[in-house]
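Trainee: Input file: data_26.tsv. Contents: TSV, C-alpha atoms.
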```tsv
chain	number	residue	atom	x	y	z
N	128	MET	CA	4.23	3.08	-3.99
N	129	ARG	CA	3.57	4.80	-7.30
N	130	ARG	CA	2.38	4.13	-10.84
N	131	ARG	CA	3.69	6.11	-13.82
N	132	ASP	CA	1.42	6.89	-16.75
N	133	VAL	CA	1.66	8.94	-19.91
N	134	LEU	CA	-0.07	12.30	-19.59
N	135	SER	CA	-3.16	11.34	-21.56
N	136	ALA	CA	-3.80	8.18	-19.57
N	137	ILE	CA	-5.31	9.95	-16.54
N	138	PRO	CA	-8.28	12.27	-17.18
N	139	LEU	CA	-7.02	14.96	-14.82
N	140	ALA	CA	-8.90	17.70	-16.63
N	141	ALA	CA	-12.13	16.01	-15.57
N	142	VAL	CA	-11.45	17.18	-12.01
N	143	PRO	CA	-13.06	20.61	-11.54
N	144	GLY	CA	-10.31	23.21	-11.59
N	145	SER	CA	-7.53	20.66	-11.98
N	146	GLY	CA	-6.16	21.92	-15.30
N	147	LEU	CA	-3.37	19.35	-15.24
N	148	ALA	CA	-3.92	17.95	-18.73
N	149	ARG	CA	-4.94	21.25	-20.30
N	150	GLN	CA	-2.36	23.68	-18.97
N	151	ALA	CA	0.96	21.83	-19.02
N	152	ALA	CA	3.19	23.57	-21.58
N	153	ALA	CA	6.52	22.10	-20.44
N	154	PRO	CA	7.14	18.33	-20.47
N	155	VAL	CA	5.30	16.84	-17.51
N	156	GLU	CA	4.71	13.35	-16.21
N	157	THR	CA	1.54	12.25	-14.47
N	158	ILE	CA	1.74	9.77	-11.64
N	159	THR	CA	-0.47	8.39	-8.91
N	160	TYR	CA	0.40	7.58	-5.33
N	161	ASP	CA	-1.46	6.16	-2.35
N	162	SER	CA	-2.52	8.24	0.65
N	163	GLY	CA	-4.74	6.76	3.33
N	164	GLY	CA	-6.02	4.14	0.92
N	165	ARG	CA	-6.98	6.75	-1.70
N	166	THR	CA	-5.34	7.17	-5.10
N	167	ILE	CA	-3.92	10.67	-5.52
N	168	ARG	CA	-3.23	11.96	-9.01
N	169	ALA	CA	-0.36	14.35	-9.53
N	170	ALA	CA	1.77	16.11	-12.12
N	171	VAL	CA	5.55	15.85	-11.78
N	172	TYR	CA	7.95	18.35	-13.32
N	173	ARG	CA	11.61	17.34	-13.58
N	174	PRO	CA	14.75	19.42	-14.16
N	175	GLY	CA	17.17	18.95	-17.01
N	176	ALA	CA	20.94	18.97	-16.69
N	177	GLN	CA	20.98	21.47	-13.80
N	178	HIS	CA	19.41	19.09	-11.27
N	179	ARG	CA	19.85	20.34	-7.70
N	180	GLY	CA	19.08	16.94	-6.18
N	181	ALA	CA	16.15	18.63	-4.43
N	182	GLY	CA	12.40	18.92	-4.82
N	183	PHE	CA	9.14	19.87	-3.21
N	184	ALA	CA	5.39	19.30	-3.28
N	185	PHE	CA	3.08	22.17	-4.22
N	186	MET	CA	-0.40	22.15	-2.66
N	187	HIS	CA	-3.09	23.95	-4.66
N	188	GLY	CA	-5.66	26.47	-3.40
N	189	SER	CA	-9.38	25.90	-2.93
N	190	GLY	CA	-10.11	26.15	-6.67
N	191	GLY	CA	-8.04	23.07	-7.48
N	192	VAL	CA	-4.92	22.85	-9.63
N	193	GLY	CA	-4.74	25.86	-11.93
N	194	PRO	CA	-2.37	27.23	-14.58
N	195	ALA	CA	-0.54	29.62	-12.25
N	196	TYR	CA	0.62	26.69	-10.08
N	197	LEU	CA	1.70	24.62	-13.08
N	198	ARG	CA	3.65	27.55	-14.51
N	199	LEU	CA	5.32	27.98	-11.11
N	200	ALA	CA	6.17	24.26	-10.98
N	201	SER	CA	7.63	24.44	-14.48
N	202	ARG	CA	9.80	27.42	-13.53
N	203	PHE	CA	11.14	25.60	-10.50
N	204	ALA	CA	11.93	22.58	-12.66
N	205	GLU	CA	13.94	24.88	-14.92
N	206	ASP	CA	15.74	26.02	-11.76
N	207	GLY	CA	16.74	22.45	-10.93
N	208	TYR	CA	13.95	21.11	-8.70
N	209	VAL	CA	11.66	18.11	-9.00
N	210	VAL	CA	8.15	19.42	-8.30
N	211	ILE	CA	5.09	17.28	-7.62
N	212	VAL	CA	1.67	18.95	-7.79
N	213	PRO	CA	-0.94	16.61	-6.28
N	214	VAL	CA	-4.71	16.85	-6.65
N	215	TYR	CA	-5.13	16.51	-2.90
N	216	TYR	CA	-8.93	16.69	-3.17
N	217	ASP	CA	-8.59	13.04	-4.27
N	218	ALA	CA	-7.91	12.28	-0.59
N	219	ALA	CA	-11.22	13.86	0.50
N	220	PRO	CA	-13.70	16.07	-1.39
N	221	ASP	CA	-14.05	19.70	-0.33
N	222	ASP	CA	-17.50	19.93	1.23
N	223	GLY	CA	-17.02	23.53	2.37
N	224	VAL	CA	-17.25	22.50	6.04
N	225	ARG	CA	-13.73	21.10	6.15
N	226	ALA	CA	-13.99	19.15	9.36
N	227	GLU	CA	-10.74	17.98	10.94
N	228	PRO	CA	-10.80	14.51	9.28
N	229	VAL	CA	-10.91	16.21	5.88
N	230	MET	CA	-8.04	18.53	6.77
N	231	GLN	CA	-6.05	15.58	8.08
N	232	ALA	CA	-6.61	13.65	4.85
N	233	TRP	CA	-5.29	16.65	2.89
N	234	ARG	CA	-2.28	17.08	5.17
N	235	GLU	CA	-1.48	13.39	4.79
N	236	ALA	CA	-1.75	13.71	1.01
N	237	GLY	CA	0.91	16.43	1.22
N	238	SER	CA	3.12	14.37	3.51
N	239	ASP	CA	2.76	11.37	1.20
N	240	ALA	CA	3.76	13.57	-1.77
N	241	VAL	CA	6.93	14.36	0.19
N	242	GLU	CA	7.43	10.62	0.70
N	243	TRP	CA	6.96	10.07	-3.04
N	244	LEU	CA	9.85	12.43	-3.73
N	245	ILE	CA	12.03	10.66	-1.17
N	246	ALA	CA	11.17	7.26	-2.66
N	247	ASP	CA	11.98	8.72	-6.08
N	248	GLY	CA	15.57	9.24	-4.94
N	249	LEU	CA	15.82	12.57	-3.10
N	250	GLU	CA	17.39	12.83	0.33
N	251	PRO	CA	14.84	13.86	3.02
N	252	GLU	CA	16.84	16.97	3.93
N	253	ARG	CA	16.50	18.10	0.29
N	254	VAL	CA	12.70	17.88	0.11
N	255	GLY	CA	10.23	20.65	0.97
N	256	ILE	CA	6.58	21.56	0.58
N	257	MET	CA	4.78	24.73	-0.51
N	258	GLY	CA	1.15	25.80	-0.82
N	259	TYR	CA	-1.14	28.67	-1.71
N	260	SER	CA	-4.21	29.88	0.25
N	261	LEU	CA	-5.95	26.73	1.52
N	262	GLY	CA	-2.90	24.83	0.32
N	263	SER	CA	-0.66	27.04	2.46
N	264	TYR	CA	-2.32	25.62	5.56
N	265	VAL	CA	-2.23	22.07	4.17
N	266	ALA	CA	1.48	22.43	3.37
N	267	VAL	CA	2.82	24.29	6.41
N	268	ASP	CA	0.63	22.76	9.11
N	269	GLY	CA	1.32	19.32	7.66
N	270	ALA	CA	5.06	19.96	7.50
N	271	LEU	CA	5.07	21.02	11.15
N	272	GLY	CA	3.34	17.76	12.04
N	273	ARG	CA	4.96	14.39	11.39
N	274	SER	CA	5.92	14.98	7.77
N	275	ARG	CA	9.53	14.61	6.64
N	276	ALA	CA	9.55	17.91	4.74
N	277	ALA	CA	12.74	19.82	5.53
N	278	ALA	CA	11.31	23.30	4.78
N	279	ALA	CA	7.90	24.79	4.01
N	280	ILE	CA	6.43	27.86	2.31
N	281	GLY	CA	2.92	29.23	2.76
N	282	VAL	CA	1.58	31.80	0.28
N	283	ALA	CA	-1.49	33.95	1.06
N	284	GLY	CA	-2.48	31.98	4.14
N	285	GLY	CA	-3.33	32.68	7.74
N	286	TRP	CA	-5.60	31.91	10.66
N	287	ASP	CA	-8.59	32.82	8.44
N	288	VAL	CA	-7.96	29.65	6.41
N	289	TYR	CA	-8.02	27.21	9.33
N	290	VAL	CA	-6.90	27.13	12.95
N	291	PRO	CA	-3.38	25.63	13.03
N	292	ARG	CA	-2.30	22.88	15.35
N	293	ASN	CA	0.56	23.23	17.80
N	294	PRO	CA	3.77	22.56	15.87
N	295	TYR	CA	5.45	19.21	16.45
N	296	ARG	CA	8.56	19.99	14.39
N	297	ARG	CA	10.83	23.04	14.05
N	298	ILE	CA	11.80	23.38	10.39
N	299	PRO	CA	12.42	26.58	8.41
N	300	VAL	CA	9.16	28.19	7.24
N	301	MET	CA	8.55	31.16	4.99
N	302	ILE	CA	5.20	32.96	4.91
N	303	LEU	CA	4.46	35.18	1.91
N	304	GLN	CA	1.63	37.64	2.40
N	305	ALA	CA	-0.19	39.30	-0.48
N	306	GLU	CA	-0.05	43.00	0.40
N	307	ARG	CA	-3.63	43.73	-0.66
N	308	ASP	CA	-5.18	40.38	0.23
N	309	ASP	CA	-8.94	40.83	0.59
N	310	HIS	CA	-9.59	37.19	1.48
N	311	VAL	CA	-7.02	36.37	4.15
N	312	SER	CA	-6.52	39.32	6.46
N	313	PRO	CA	-3.01	40.57	7.35
N	314	ALA	CA	-3.95	40.19	11.03
N	315	SER	CA	-4.71	36.50	10.57
N	316	THR	CA	-1.42	35.97	8.73
N	317	GLN	CA	0.46	37.66	11.56
N	318	ARG	CA	-1.44	35.58	14.10
N	319	TRP	CA	-0.30	32.41	12.33
N	320	ILE	CA	3.30	33.63	12.30
N	321	ASN	CA	3.13	34.50	16.00
N	322	HIS	CA	1.68	31.06	16.75
N	323	MET	CA	4.62	29.36	15.04
N	324	ARG	CA	7.28	31.63	16.49
N	325	ALA	CA	5.90	31.09	20.00
N	326	ALA	CA	6.65	27.41	19.43
N	327	ASP	CA	10.22	28.22	18.31
N	328	VAL	CA	9.57	27.58	14.62
N	329	PRO	CA	12.00	29.73	12.58
N	330	VAL	CA	9.68	31.79	10.37
N	331	ARG	CA	10.70	34.18	7.62
N	332	PHE	CA	8.02	36.69	6.64
N	333	GLU	CA	7.88	38.60	3.36
N	334	VAL	CA	5.23	40.63	1.53
N	335	VAL	CA	4.43	40.46	-2.18
N	336	PRO	CA	3.92	44.18	-3.02
N	337	GLY	CA	0.62	45.16	-4.60
N	338	ALA	CA	-0.69	41.60	-4.74
N	339	GLY	CA	-4.27	40.69	-3.95
N	340	HIS	CA	-5.35	37.20	-3.03
N	341	ILE	CA	-5.64	36.41	-6.75
N	342	MET	CA	-2.25	37.25	-8.21
N	343	ASN	CA	-1.29	38.26	-11.71
N	344	PRO	CA	1.65	36.65	-13.59
N	345	ASP	CA	4.13	39.32	-12.50
N	346	GLN	CA	3.20	38.78	-8.86
N	347	TRP	CA	3.58	35.01	-9.26
N	348	ASP	CA	7.03	35.76	-10.70
N	349	ASP	CA	7.76	37.63	-7.45
N	350	VAL	CA	6.53	34.62	-5.47
N	351	PHE	CA	8.87	32.43	-7.51
N	352	ALA	CA	11.87	34.68	-6.88
N	353	ARG	CA	11.28	34.88	-3.13
N	354	SER	CA	10.52	31.17	-2.81
N	355	SER	CA	13.53	30.23	-4.92
N	356	ARG	CA	15.86	32.14	-2.61
N	357	PHE	CA	14.33	30.50	0.46
N	358	PHE	CA	14.46	26.97	-0.92
N	359	ALA	CA	18.01	27.51	-2.23
N	360	ARG	CA	19.14	28.34	1.31
N	361	ASN	CA	17.35	25.40	2.92
N	362	ILE	CA	16.94	22.46	0.55
N	363	GLY	CA	18.26	23.41	-2.88
N	364	ARG	CA	21.86	24.47	-2.36
N	365	ARG	CA	23.99	23.33	-5.27
```
Represent the structure contained in this file as structure tokens.

Mentor:
Amino acid sequence: MRRRDVLSAIPLAAVPGSGLARQAAAPVETITYDSGGRTIRAAVYRPGAQHRGAGFAFMHGSGGVGPAYLRLASRFAEDGYVVIVPVYYDAAPDDGVRAEPVMQAWREAGSDAVEWLIADGLEPERVGIMGYSLGSYVAVDGALGRSRAAAAIGVAGGWDVYVPRNPYRRIPVMILQAERDDHVSPASTQRWINHMRAADVPVRFEVVPGAGHIMNPDQWDDVFARSSRFFARNIGRR
């Protein structure tokens, strides 16, 4: 199901916006996994002695994998989680149109990242998924489909990103809204929340104060703190 490589073996930095080879400060492993017949490259961060026996997939935004996401993954690894950060554009290139087959390929890449974590030894009820902006839709909408993710977090997402499907599953979801988001409107975020709650999905909603769509390091620290509490309650209890 997977192939392990040393970090330098896969030219991840050649992917526009990937940053995987350039930005990793903490020890990180690069792997590949299959999704729909495509090879998906990913970075995997692992915890040390304080392993929670839990993990999640992080789905990047429209700009590809960037340093903020890798720093977040590293922090979660320090907190005891296994975190896989896939380059889900490997499943289908972003043509800007984003027809449903493209979105489905990306959702499947997220679901297959969840499966990678399960195959790596984590119990399904201890595996989640999280995403930012475009990745928030890929993560949450995929998790509410036929994924085995046990919990999901969407950051800076909403109806403006893409029209969600009707939920198939009812797992815990947290939506984090950037207070001053000038890309995804608060109304579209609320519409997404209402859509899920109408289908009996348990949704927790929180706001990152002062944050725009592009967040600074302090605001990402706030995202980490809020997400850590949510995952600890749902998949990462010690």

Trainee: Taking all atoms listed in the file into account, name the residue in N:Val311, N:Ala326, N:Ala204, N:Leu261 that is nearest to Asn293 of chain N.

Mentor: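 Nearest candidate to Asn293 of chain N out of N:Val311, N:Ala326, N:Ala204, N:Leu261: N:Ala326.
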
Trainee: Just give me the residues with any atom within 7 Å of (-1.1, 28.3, -3.9), file coordinates, counting only C-alpha atoms, written as a compact mmCIF listing (two decimals) with C-alpha atoms, in the coordinates of the input.

Mentor:
```
# COMPACT_ATOMS: atom_id res chain seq x y z
CA MET N 186 -0.40 22.15 -2.66
CA HIS N 187 -3.09 23.95 -4.66
CA GLY N 188 -5.66 26.47 -3.40
CA TYR N 196 0.62 26.69 -10.08
CA GLY N 258 1.15 25.80 -0.82
CA TYR N 259 -1.14 28.67 -1.71
CA SER N 260 -4.21 29.88 0.25
CA GLY N 262 -2.90 24.83 0.32
CA SER N 263 -0.66 27.04 2.46
CA VAL N 282 1.58 31.80 0.28
```

Trainee: Given all atoms listed in the file as the basis, pick out the residue of N:Arg179, N:Ala266, N:Val171, N:Arg275 nearest to Tyr215 of chain N.

Mentor: N:Ala266

Trainee: For Phe357 of chain N, which residue out of N:Ile245, N:Val192, N:Ala170, N:Val330 is the nearest one, using all atoms listed in the file?

Mentor: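 Among N:Ile245, N:Val192, N:Ala170, N:Val330, it is N:Val330 that comes nearest to Phe357 of chain N.
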
Trainee: Could you work out how far atom CA of Gly175 of chain N lies from atom CA of Val210 of chain N, giving the answer in Å with one decimal?

Mentor: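 So the two atoms, atom CA of Val210 of chain N and atom CA of Gly175 of chain N, lie 12.5 Å apart.
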
Trainee: One decimal, Å: what's the distance from atom CA of Trp347 of chain N over to atom CA of Phe185 of chain N, could you say?

Mentor: 13.8 Å

Trainee: Select all residues near (-3.2, 16.3, 12.0) (cut-off 10 Å, inclusive, file coordinates), counting all atoms listed in the file, and output them as a PDB file with C-alpha atoms, keeping the file's coordinate frame.

Mentor:
```pdb
ATOM      1  CA  GLU N 227     -10.740  17.980  10.940  1.00  0.00           C
ATOM      2  CA  PRO N 228     -10.800  14.510   9.280  1.00  0.00           C
ATOM      3  CA  VAL N 229     -10.910  16.210   5.880  1.00  0.00           C
ATOM      4  CA  MET N 230      -8.040  18.530   6.770  1.00  0.00           C
ATOM      5  CA  GLN N 231      -6.050  15.580   8.080  1.00  0.00           C
ATOM      6  CA  ALA N 232      -6.610  13.650   4.850  1.00  0.00           C
ATOM      7  CA  TRP N 233      -5.290  16.650   2.890  1.00  0.00           C
ATOM      8  CA  ARG N 234      -2.280  17.080   5.170  1.00  0.00           C
ATOM      9  CA  GLU N 235      -1.480  13.390   4.790  1.00  0.00           C
ATOM     10  CA  VAL N 265      -2.230  22.070   4.170  1.00  0.00           C
ATOM     11  CA  ASP N 268       0.630  22.760   9.110  1.00  0.00           C
ATOM     12  CA  GLY N 269       1.320  19.320   7.660  1.00  0.00           C
ATOM     13  CA  LEU N 271       5.070  21.020  11.150  1.00  0.00           C
ATOM     14  CA  GLY N 272       3.340  17.760  12.040  1.00  0.00           C
ATOM     15  CA  ARG N 273       4.960  14.390  11.390  1.00  0.00           C
ATOM     16  CA  PRO N 291      -3.380  25.630  13.030  1.00  0.00           C
ATOM     17  CA  ARG N 292      -2.300  22.880  15.350  1.00  0.00           C
ATOM     18  CA  ASN N 293       0.560  23.230  17.800  1.00  0.00           C
TER      19      ASN N 293
END
```

Trainee: What is the atom CA of Ala218 of chain N to atom CA of Arg165 of chain N distance in Å?

Mentor: 5.7 Å

Trainee: Hey, what's within 10 Å of Ala314 of chain N if we count all atoms listed in the file and toss same-chain stuff fewer than 6 positions away? As a compact mmCIF listing (two decimals) with C-alpha atoms, in the frame of the given file, please?

Mentor:
```txt
# COMPACT_ATOMS: atom_id res chain seq x y z
CA GLY N 285 -3.33 32.68 7.74
CA TRP N 286 -5.60 31.91 10.66
CA ASP N 287 -8.59 32.82 8.44
CA ILE N 320 3.30 33.63 12.30
```

Trainee: So, counting all atoms listed in the file, which residue among N:Leu244, N:Val334, N:Val267, N:Ala279 is closest to Arg173 of chain N?

Mentor: N:Leu244

Trainee: Go through N:Glu333, N:Met301, N:Asp327, N:Ser315 and flag the residue nearest Arg360 of chain N, using only C-alpha atoms for the distances.

Mentor: N:Met301

Trainee: With only C-alpha atoms as the basis for distance, which of N:Thr157, N:Ser354, N:Tyr289, N:Thr316 is at the shortest distance from Arg202 of chain N?

Mentor: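 The answer is N:Ser354, which sits nearest to Arg202 of chain N.
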
Trainee: Might you pull out every residue within 10 Å of Ala359 of chain N, with only C-alpha atoms counted and same-chain residues fewer than 2 positions away left off, and present them as a VMD selection string?

Mentor: chain N and resid 179 181 206 208 253 354 to 357 361 to 365

Trainee: I want to know what sits within 7 Å of Gly339 of chain N, based on only C-alpha atoms, with residues of the same chain fewer than 2 positions away left out; could you give that as a PyMOL selection string?

Mentor: chain N and resi 305-309+337+341-342

Trainee: Is it possible to get the axis-aligned box enclosing segment 193-197 of chain N (all listed atoms, 3 Å extra per side) as JSON, with centre and edge lengths in Å rounded to one decimal?

Mentor:
```
{"center_x": -1.5, "center_y": 27.1, "center_z": -12.3, "size_x": 12.4, "size_y": 11.0, "size_z": 10.5}
```
